Amino acid sequence: MQIALVQPSPVPYTYGGAERLLDGLWAAARDAGHEVEVVKLPSPERTLPEIVASYESFAHLDLTHFDAVVSTKYPAWMVEHPNHVIWLLHRLRGLYDTYHLAGLADHVECADPDLRSLQRMMRSGATRMLLPRFFDAFHTILARRGADDPVFAFPGPLAREIVHWLDTIGFDPLGVTRYTAISATVADRAGYMPAGIRAAVAYPPSQLAGLRSGGQDHFFTASRLDGPKRIDLLVEAMRDVDSDLPFLIAGTGPDEERLRRLASGDERIRFLGRVTDGELAGLYANALAVPFVPAEEDFGLVTLEAFACSTPVVTCIDSGGPTELVDDGLSGLVTDPTPAALAAALSRLAADPAGAAAMGTAGHERGRRVTWERVLSTLLGREALAARPSAPRPSPRRGYPKVVVPSTFRIWPPAGGGQIRCLSLYGGMLESFDVEVVSMDNPHAPATRVVYGPGFVESVVPRTWRHEELDVEWSERAGIPVTDIMAAELVAETPAYRQALADALADADHVVLAHPYLEPLVHALAPSGVPVVYDAHNAELRLKAEILPNGPVRDELLDRVRRIEGDAVSRSALTTTTSGLDADHLVADYGADPARIRVVPNGVDTRAIHFVTGDDRRRRGERWLTRFPSGSAAHLAVFLGSWHKPNLDAAQDIIEAAAEVPDTMFLLVGSHGLHFRGRALPGNVLLAGTVDPIVKNGILSAADVGLNPMQSGSGTNLKILEYFAAGVPVLATGIGARGIPAEPGVHYRRVEGDLAGSIRAFLEDPDRDRTVEAARRLVEESFDWRILGRRLAALIKRIDHAGVGTVAEGAA
């Protein structure tokens with residue numbers, strides 16, 4: 001089944017509960033054998049005009065080429081599809097169940113004739129056929145009155161009426177095949193479901209890694225520190241808790257200062273601030289109990305995360321979602337929402353650790369019944385599980401030699417440059433080879449095999465919890481993730497991966513190392529005479545030296561990289577690099593033989609990226625800018641990048657320059673945006689996060705400039721090639737255009753002087769798009785993945801099985 005998961009992408013971007021939930025659903029559906037696409041549209045919701053624009057964008061989204069569509073949150077359910085399933089997280093609560101807490105009027109009778117006409121239309125009925133008329137009328141009124149007009153107050157009575165009307169259309173039973181919700185609390189809220197509809201409940205499992213049983217050293221809770229989470233109830237309760245156990249509170253929020261004052265004088269209460277996922281799992285594991293007492297919580301993964309650690313939960317009778325999982329006296333305690341009742345419950349558990357442990361055991365059993373299989377079955381029916389691929393290894397194609405690719409990361413979804421290269425370059429060799437990627441994934445991912453096409457399969461092995469714990473420890477000591485560097489040593493903790501790789505290598509004709517870090521394992525397992533190609537995505541030693549922070553293990557980790565990469569270069573029959581500069585680095589660092597190095601740069605799929613120029617691009621840009629009201633914004637600038645230090649540095653430079661270019665909207669796309677979440681940003685900077693390829697291509701077809709002001713990095717920069725393929729005029733540093741035979745003034749414009757001044761000068765140039773035709777030709781002729789895949793296949797064919805490379809003879 002081909003499934004589209006549709007969700008808004010918050011602006012500014014944050015990775016929260018909704019994003020975690022969608023990632024889990026995506027992985028579960030993929031592991032069940034379905035083809036799954038995540039479709040996100042940037043959806044700011046600071047003002048009513050922004051909200052209406054987001055509803056309009058989803059209403060126009062055409063996903064009829066999918067078999068099914070699942071939406072989870074406003075305004076994504078505006079998408080029209082014959083097999084539309086809603087898995088409801090919540091509606092816009094500030095206009096529904098919490099609206100009256102602000103003391104706002106229920107409704108308004110507008111005096112403006114056009115607004116009265118708009119209200120009459122909405123009150124005449126809610127049908128999809130009225131949407132074009134509604135959006136046209138709203139935009140006309142908005143243009144005349146301005147976005148700051150008090151009538152558009154958000155929240156406010158007109159905003160409430162408009163959103164309720166739009167939601168009624170999105171939830172129309174004529175357009176929805178199945179209604180589900182993440183909890184009965186959500187399903188039963190007044191006004192959430194159409195009259196007569198009873199939604200099925202599908203509890204989402206937690207995606208948090210490292211959950212395990214531990215000690216009973218403290219009380220612990222994790223929460224945003226704001227009013228609805230009611231941490232103040234717990235702080236006040238602790239005054240009467242008869243125990244010396246500390247009460248640890250993880251999280252930040254607007255109520256933190258008040259809560260700290262409230263807790264002053266009680267040395268048992270400690271505010272931990274933001275903690276890492278690894279720290280969070282440990283805090284759950286070593287808690288005697290987890291008090292979790294929000295008011296009318298939608299669901300609350302805290303409960304399941306505590307249960308996964310065999311830790312009981314204390315909650316309140318009005319806490320909503322947690323009460324659906326906590327059985328009072330069996331897996332925890334459910335009390336009145338008062339300090340006295342909570343103090344009695346916590347004191348009871350502190351006085352009876354054995355009883356608390358028994359409750360934790362019961363909670364663990366309850367939590368085990370919350371699975372992604374149940375979610376899929378509830379959303380899509382039992383047939384959704386029937387597509388699960390069988391365990392046997394797919395049969396190879398007759399007559400095709402086999403290439404095995406060991407990888408420290410799963411190659412799907414292709415969110416980063418390494419994943420894109422693995423999927424596209426090695427997939428481009430299928431005219432000559434079968435390819436099996438053997439990759440690692442997080443511990444709660446199932447072992448699976450994914451078939452990407454005839455002869456192309458990925459065998460995925462989850463790391464063990466012990467492997468994950470050690471990886472987290474090393475990463476915390478290093479100050480950044482070092483999963484790749486430590487893979488060769490820690491893989492001993494995941495024997496299933498060693499076995500899967502040995503099985504794949506048993507009938508391999510060649511090995512391609514995607515990164516060097518599993519070379520020691522390949523050296524130990526590969527049959528004698530099987531040649532190895534080291535596909536160097538980067539010059540790893542140079543790159544790690546740039547990004548590893550100074551600290552107690554920096555030198556040790558760099559020594560490890562130097563040793564592993566050196567062995568990969570010296571033991572391989574052939575090394576491929578993504579740029580000539582990286583090849584020079586490997587020669588300088590390890591004395592590599594230049595005759596055994598060939599450049600196979602990064603590329604793009606030119607068939608999938610539409611080339612847009614001239615008036616068409618300008619019109620598209622104008623439409624995109626209307627989605628993000630920002631005063632006088634006249635231009636759209638885009639920066640693409642994953643969470644990678646050179647990208648983070650470049651994004652920081654863009655953010656600083658944006659304040660000096662107020663007439664330009666800067667859209668930062670990719671996982672690097674997570675680094676900047678929660679920070680104060682200029683009003684003309686939007687963090688779009690990781691977006692669906694459909695959305696990314698839409699952005700690339702509309703941008704006035706593609707930016708790449710990188711000051712460091714290695715390999716070939718993929719974003720430049722994507723800009724070139726799409727027809728985006730490019731402004732970049734020399735390092736940003738590394739590894740590409742692109743000439744300043746011919747294919748792109750080089751940053752000269754300060755970045756803000758370069759951007760202004762570039763956008764003021766009416767001929768800024770004069771380079772795009774040459775840039776597209778360059779990509780089509782030299783950087784299409786199909787061409788590059790054939791080039792790599794030809795190089796591998798020239799290697800003899802004695803391990804001696806013959807690639808120097810007529811090599812590409």
# chains A, B, ... in the order shown; residues from 1 in each chain; ligands from 1
$ residues_around --residues "A:Leu118" --least-positions-apart "5" --cutoff "9 Å" --atoms "only C-alpha atoms" --output "ChimeraX atom specification"
/A:113,123,134,137-138
$ write_last_selection --atoms "C-alpha atoms" --output "CSV table (one decimal), in the first residue's frame"
chain,number,residue,atom,x,y,z
A,113,PRO,CA,-20.7,44.2,5.0
A,123,ARG,CA,-23.5,29.7,8.5
A,134,PHE,CA,-14.4,31.5,1.1
A,137,ALA,CA,-13.5,36.5,0.0
A,138,PHE,CA,-11.1,36.2,3.0
$ residues_around --residues "A:Ser572" --least-positions-apart "6" --cutoff "12 Å" --atoms "only C-alpha atoms" --output "ChimeraX atom specification"
/A:510-513,516,519-520,522-523,529-536,564-566,592-593,596-597,796,799,801-805
$ residues_around --residues "stretch 264-274 of chain A" --least-positions-apart "3" --cutoff "12 Å" --atoms "only C-alpha atoms" --output "number ranges by chain"
A: 217-225, 231-232, 234-253, 256-261, 277-280, 283, 678
$ residues_around --residues "A:Arg30" --least-positions-apart "4" --cutoff "12 Å" --atoms "only C-alpha atoms" --output "PyMOL selection string"
chain A and resi 1-5+23-26+34-38+372-373+376+384-385+387-389+412-413+445-452+460
$ write_last_selection --atoms "N, CA and C atoms" --output "compact mmCIF listing (two decimals), in the first residue's frame"
# COMPACT_ATOMS: atom_id res chain seq x y z
N MET A 1 0.85 -1.19 0.00
CA MET A 1 0.00 0.00 0.00
C MET A 1 0.88 1.24 0.00
N GLN A 2 0.52 2.23 -0.79
CA GLN A 2 1.24 3.51 -0.82
C GLN A 2 0.48 4.51 0.06
N ILE A 3 1.15 4.97 1.11
CA ILE A 3 0.50 5.76 2.15
C ILE A 3 1.19 7.11 2.28
N ALA A 4 0.41 8.16 2.35
CA ALA A 4 0.92 9.50 2.63
C ALA A 4 0.55 9.89 4.05
N LEU A 5 1.53 10.26 4.85
CA LEU A 5 1.31 10.77 6.21
C LEU A 5 1.41 12.29 6.13
N ASP A 23 7.11 10.22 13.07
CA ASP A 23 8.30 9.42 12.76
C ASP A 23 8.06 7.95 13.11
N GLY A 24 7.43 7.72 14.27
CA GLY A 24 7.16 6.35 14.68
C GLY A 24 6.18 5.66 13.75
N LEU A 25 5.13 6.37 13.35
CA LEU A 25 4.14 5.79 12.44
C LEU A 25 4.78 5.50 11.09
N TRP A 26 5.63 6.42 10.61
CA TRP A 26 6.32 6.19 9.34
C TRP A 26 7.16 4.92 9.40
N HIS A 34 5.01 -1.30 3.60
CA HIS A 34 4.31 -0.31 2.80
C HIS A 34 5.29 0.73 2.25
N GLU A 35 4.89 1.38 1.18
CA GLU A 35 5.62 2.54 0.67
C GLU A 35 4.99 3.77 1.32
N VAL A 36 5.80 4.51 2.06
CA VAL A 36 5.26 5.58 2.90
C VAL A 36 5.99 6.88 2.60
N GLU A 37 5.23 7.94 2.45
CA GLU A 37 5.79 9.27 2.22
C GLU A 37 5.24 10.21 3.29
N VAL A 38 6.12 10.99 3.92
CA VAL A 38 5.69 12.03 4.85
C VAL A 38 5.56 13.33 4.07
N TRP A 372 3.08 -0.43 17.77
CA TRP A 372 2.80 0.16 16.47
C TRP A 372 1.95 -0.77 15.61
N GLU A 373 2.05 -2.07 15.84
CA GLU A 373 1.19 -2.98 15.10
C GLU A 373 -0.28 -2.69 15.39
N LEU A 376 -1.29 0.54 13.52
CA LEU A 376 -1.53 0.31 12.10
C LEU A 376 -2.85 -0.42 11.87
N ALA A 384 -3.43 -4.01 6.84
CA ALA A 384 -2.22 -3.18 6.84
C ALA A 384 -1.01 -3.96 7.34
N LEU A 385 -1.25 -5.02 8.12
CA LEU A 385 -0.15 -5.82 8.64
C LEU A 385 0.24 -6.94 7.70
N ALA A 387 1.15 -6.83 4.73
CA ALA A 387 2.22 -6.51 3.77
C ALA A 387 3.60 -6.70 4.34
N ARG A 388 3.69 -7.11 5.60
CA ARG A 388 5.01 -7.23 6.23
C ARG A 388 5.90 -8.18 5.43
N PRO A 389 7.13 -7.75 5.10
CA PRO A 389 8.00 -8.62 4.30
C PRO A 389 8.44 -9.83 5.09
N TRP A 412 17.20 4.82 4.64
CA TRP A 412 15.88 5.42 4.40
C TRP A 412 15.28 5.86 5.73
N PRO A 413 14.68 7.08 5.81
CA PRO A 413 14.45 8.02 4.73
C PRO A 413 15.72 8.80 4.39
N ALA A 445 13.69 -0.16 16.86
CA ALA A 445 13.29 -0.47 15.49
C ALA A 445 13.34 -1.98 15.29
N PRO A 446 12.41 -2.54 14.55
CA PRO A 446 12.45 -3.99 14.31
C PRO A 446 13.51 -4.35 13.28
N ALA A 447 14.02 -5.56 13.38
CA ALA A 447 14.87 -6.08 12.32
C ALA A 447 14.01 -6.30 11.08
N THR A 448 14.48 -5.85 9.94
CA THR A 448 13.65 -5.95 8.74
C THR A 448 14.52 -5.91 7.50
N ARG A 449 13.91 -6.25 6.38
CA ARG A 449 14.55 -6.08 5.08
C ARG A 449 13.63 -5.23 4.22
N VAL A 450 14.19 -4.22 3.59
CA VAL A 450 13.43 -3.33 2.74
C VAL A 450 13.93 -3.50 1.31
N VAL A 451 13.02 -3.79 0.40
CA VAL A 451 13.37 -3.95 -1.01
C VAL A 451 13.06 -2.64 -1.73
N TYR A 452 14.10 -1.99 -2.27
CA TYR A 452 13.93 -0.72 -2.96
C TYR A 452 13.69 -0.90 -4.46
N VAL A 460 18.18 -4.36 7.79
CA VAL A 460 18.28 -3.43 8.92
C VAL A 460 18.34 -4.23 10.23
$ atom_distance --atom1 "atom CA of A:Val553" --atom2 "atom CA of A:Ala209"
23.7 Å
$ residues_around --residues "stretch 774-777 of chain A" --least-positions-apart "4" --cutoff "9 Å" --atoms "only C-alpha atoms" --output "list in words"
Thr606, Phe611, Leu721, Tyr723, Phe724, Ala725, Ala726, Gly727, Pro729, Ala742, Val746, His747, Tyr748, Arg770, Glu781 and Ser782 of chain A
$ write_last_selection --atoms "N, CA, C and O atoms" --output "short mmCIF file (atom, residue, chain, number, x, y, z; two decimals), in the first residue's frame"
data_model
loop_
_atom_site.label_atom_id
_atom_site.label_comp_id
_atom_site.auth_asym_id
_atom_site.auth_seq_id
_atom_site.Cartn_x
_atom_site.Cartn_y
_atom_site.Cartn_z
N THR A 606 18.05 14.42 -11.67
CA THR A 606 17.52 15.53 -12.47
C THR A 606 16.10 15.26 -12.96
O THR A 606 15.37 16.18 -13.27
N PHE A 611 12.95 22.09 -13.51
CA PHE A 611 13.75 23.30 -13.77
C PHE A 611 12.80 24.47 -14.02
O PHE A 611 12.03 24.47 -14.99
N LEU A 721 24.09 21.33 -5.91
CA LEU A 721 23.61 20.59 -7.08
C LEU A 721 22.09 20.64 -7.17
O LEU A 721 21.53 20.73 -8.27
N TYR A 723 20.20 23.09 -6.02
CA TYR A 723 19.90 24.44 -6.49
C TYR A 723 20.07 24.53 -8.01
O TYR A 723 19.21 25.04 -8.73
N PHE A 724 21.20 24.04 -8.50
CA PHE A 724 21.49 24.09 -9.94
C PHE A 724 20.40 23.37 -10.73
O PHE A 724 19.94 23.86 -11.76
N ALA A 725 20.02 22.18 -10.28
CA ALA A 725 19.05 21.39 -11.02
C ALA A 725 17.69 22.07 -11.07
O ALA A 725 16.97 21.95 -12.07
N ALA A 726 17.32 22.79 -10.02
CA ALA A 726 16.00 23.41 -9.94
C ALA A 726 15.94 24.77 -10.62
O ALA A 726 14.85 25.32 -10.78
N GLY A 727 17.09 25.34 -10.98
CA GLY A 727 17.09 26.67 -11.58
C GLY A 727 17.14 27.79 -10.57
O GLY A 727 16.83 28.95 -10.90
N PRO A 729 18.95 30.61 -8.67
CA PRO A 729 20.20 31.37 -8.71
C PRO A 729 20.96 31.18 -7.40
O PRO A 729 20.35 31.22 -6.32
N ALA A 742 32.38 24.26 -10.96
CA ALA A 742 31.51 25.40 -11.23
C ALA A 742 32.34 26.68 -11.14
O ALA A 742 33.13 26.86 -10.21
N VAL A 746 29.73 32.16 -13.96
CA VAL A 746 29.19 31.31 -15.03
C VAL A 746 28.07 30.43 -14.50
O VAL A 746 27.00 30.32 -15.10
N HIS A 747 28.32 29.79 -13.34
CA HIS A 747 27.33 28.88 -12.77
C HIS A 747 26.72 29.40 -11.47
O HIS A 747 25.63 28.96 -11.09
N TYR A 748 27.41 30.28 -10.77
CA TYR A 748 26.91 30.82 -9.50
C TYR A 748 27.62 32.13 -9.22
O TYR A 748 28.57 32.50 -9.90
N ARG A 770 21.08 34.80 -14.70
CA ARG A 770 21.75 34.54 -15.98
C ARG A 770 22.62 33.28 -15.93
O ARG A 770 23.03 32.76 -16.97
N GLU A 781 24.91 16.94 -17.31
CA GLU A 781 26.01 16.27 -18.02
C GLU A 781 26.96 15.52 -17.09
O GLU A 781 27.55 14.52 -17.50
N SER A 782 27.09 15.99 -15.85
CA SER A 782 28.14 15.43 -15.00
C SER A 782 27.69 14.96 -13.63
O SER A 782 28.45 14.24 -12.96
#
$ select_by_dssp --residues "stretch 21-181 of chain A" --states "strand (DSSP E or B)" --output "ChimeraX atom specification"
/A:35-44,62,68-73,80,84-90,178-181
$ closest_residue --among "A:Gln119, A:Thr47, A:Gln216, A:Thr626" --to "A:Phe154" --atoms "only C-alpha atoms"
A:Thr47
$ atom_distance --atom1 "atom CA of A:Val561" --atom2 "atom CA of A:Ala573"
19.8 Å
$ atom_distance --atom1 "atom CA of A:Val661" --atom2 "atom CA of A:Leu686"
14.0 Å
$ select_by_dssp --residues "stretch 507-576 of chain A" --states "alpha helix (DSSP H)" --output "JSON list (two decimals) with C-alpha atoms, in the first residue's frame"
[["chain", "number", "residue", "atom", "x", "y", "z"],
["A", 519, "GLU", "CA", 36.29, -1.55, 7.86],
["A", 520, "PRO", "CA", 37.68, -3.53, 10.83],
["A", 521, "LEU", "CA", 34.58, -5.76, 10.83],
["A", 522, "VAL", "CA", 34.69, -6.22, 7.06],
["A", 523, "HIS", "CA", 38.40, -7.08, 7.27],
["A", 524, "ALA", "CA", 37.58, -9.78, 9.82],
["A", 525, "LEU", "CA", 34.53, -11.24, 8.03],
["A", 540, "GLU", "CA", 36.94, 11.87, 7.74],
["A", 541, "LEU", "CA", 40.01, 12.82, 9.75],
["A", 542, "ARG", "CA", 39.90, 16.41, 8.47],
["A", 543, "LEU", "CA", 36.15, 16.62, 9.04],
["A", 544, "LYS", "CA", 36.20, 15.19, 12.57],
["A", 545, "ALA", "CA", 39.09, 17.45, 13.51],
["A", 546, "GLU", "CA", 36.85, 20.40, 12.59],
["A", 547, "ILE", "CA", 33.74, 19.31, 14.45],
["A", 554, "ARG", "CA", 38.89, 14.32, 21.49],
["A", 555, "ASP", "CA", 42.44, 13.07, 20.92],
["A", 556, "GLU", "CA", 41.46, 9.46, 21.54],
["A", 557, "LEU", "CA", 38.62, 9.69, 19.03],
["A", 558, "LEU", "CA", 40.80, 11.38, 16.40],
["A", 559, "ASP", "CA", 43.41, 8.65, 16.83],
["A", 560, "ARG", "CA", 40.67, 6.09, 16.26],
["A", 561, "VAL", "CA", 39.51, 7.88, 13.10],
["A", 562, "ARG", "CA", 43.11, 8.14, 11.83],
["A", 563, "ARG", "CA", 43.68, 4.43, 12.33],
["A", 564, "ILE", "CA", 40.39, 3.25, 10.82],
["A", 565, "GLU", "CA", 40.46, 5.60, 7.83],
["A", 566, "GLY", "CA", 44.11, 4.80, 7.19],
["A", 567, "ASP", "CA", 43.34, 1.08, 7.12],
["A", 568, "ALA", "CA", 40.36, 1.67, 4.83],
["A", 569, "VAL", "CA", 42.58, 3.52, 2.35],
["A", 570, "SER", "CA", 45.53, 1.11, 2.49],
["A", 571, "ARG", "CA", 43.54, -2.16, 2.42]]
$ closest_atom_pairs --of "stretch 309-421 of chain A" --to "stretch 81-88 of chain A" --cutoff "12 Å" --atoms "only C-alpha atoms" --output "JSON lines"
{"residue": "A:Val375", "atom": "CA", "partner": "A:Trp87", "partner_atom": "CA", "distance": 9.5}
{"residue": "A:Leu376", "atom": "CA", "partner": "A:Trp87", "partner_atom": "CA", "distance": 10.6}
{"residue": "A:Thr378", "atom": "CA", "partner": "A:Trp87", "partner_atom": "CA", "distance": 9.5}
{"residue": "A:Leu379", "atom": "CA", "partner": "A:Val85", "partner_atom": "CA", "distance": 6.7}
{"residue": "A:Leu380", "atom": "CA", "partner": "A:Val85", "partner_atom": "CA", "distance": 7.8}
{"residue": "A:Gly381", "atom": "CA", "partner": "A:Val85", "partner_atom": "CA", "distance": 10.9}
$ write_last_selection --atoms "N, CA and C atoms" --output "PDB file, in the first residue's frame"
ATOM      1  N   VAL A 375      -1.481   0.181  16.343  1.00  0.00           N
ATOM      2  CA  VAL A 375      -1.812   1.461  15.718  1.00  0.00           C
ATOM      3  C   VAL A 375      -2.146   1.260  14.246  1.00  0.00           C
ATOM      4  N   LEU A 376      -1.290   0.537  13.523  1.00  0.00           N
ATOM      5  CA  LEU A 376      -1.533   0.306  12.099  1.00  0.00           C
ATOM      6  C   LEU A 376      -2.847  -0.420  11.869  1.00  0.00           C
ATOM      7  N   THR A 378      -5.489  -0.406  13.756  1.00  0.00           N
ATOM      8  CA  THR A 378      -6.617   0.485  14.046  1.00  0.00           C
ATOM      9  C   THR A 378      -6.811   1.507  12.939  1.00  0.00           C
ATOM     10  N   LEU A 379      -5.708   2.049  12.424  1.00  0.00           N
ATOM     11  CA  LEU A 379      -5.814   3.092  11.405  1.00  0.00           C
ATOM     12  C   LEU A 379      -6.213   2.533  10.042  1.00  0.00           C
ATOM     13  N   LEU A 380      -5.623   1.406   9.654  1.00  0.00           N
ATOM     14  CA  LEU A 380      -5.753   0.950   8.274  1.00  0.00           C
ATOM     15  C   LEU A 380      -6.378  -0.430   8.146  1.00  0.00           C
ATOM     16  N   GLY A 381      -6.698  -1.074   9.271  1.00  0.00           N
ATOM     17  CA  GLY A 381      -7.293  -2.397   9.211  1.00  0.00           C
ATOM     18  C   GLY A 381      -6.238  -3.486   9.296  1.00  0.00           C
TER      19      GLY A 381
END
$ closest_residue --among "A:Leu330, A:Ala281, A:Leu288, A:Ile141" --to "A:Val472" --atoms "only C-alpha atoms"
A:Ala281
$ residues_around --residues "stretch 490-500 of chain A" --least-positions-apart "4" --cutoff "7 Å" --atoms "only C-alpha atoms" --output "list in words"
Val461, Arg463, Thr464, Arg466, His467, Met486 and Ala504 of chain A
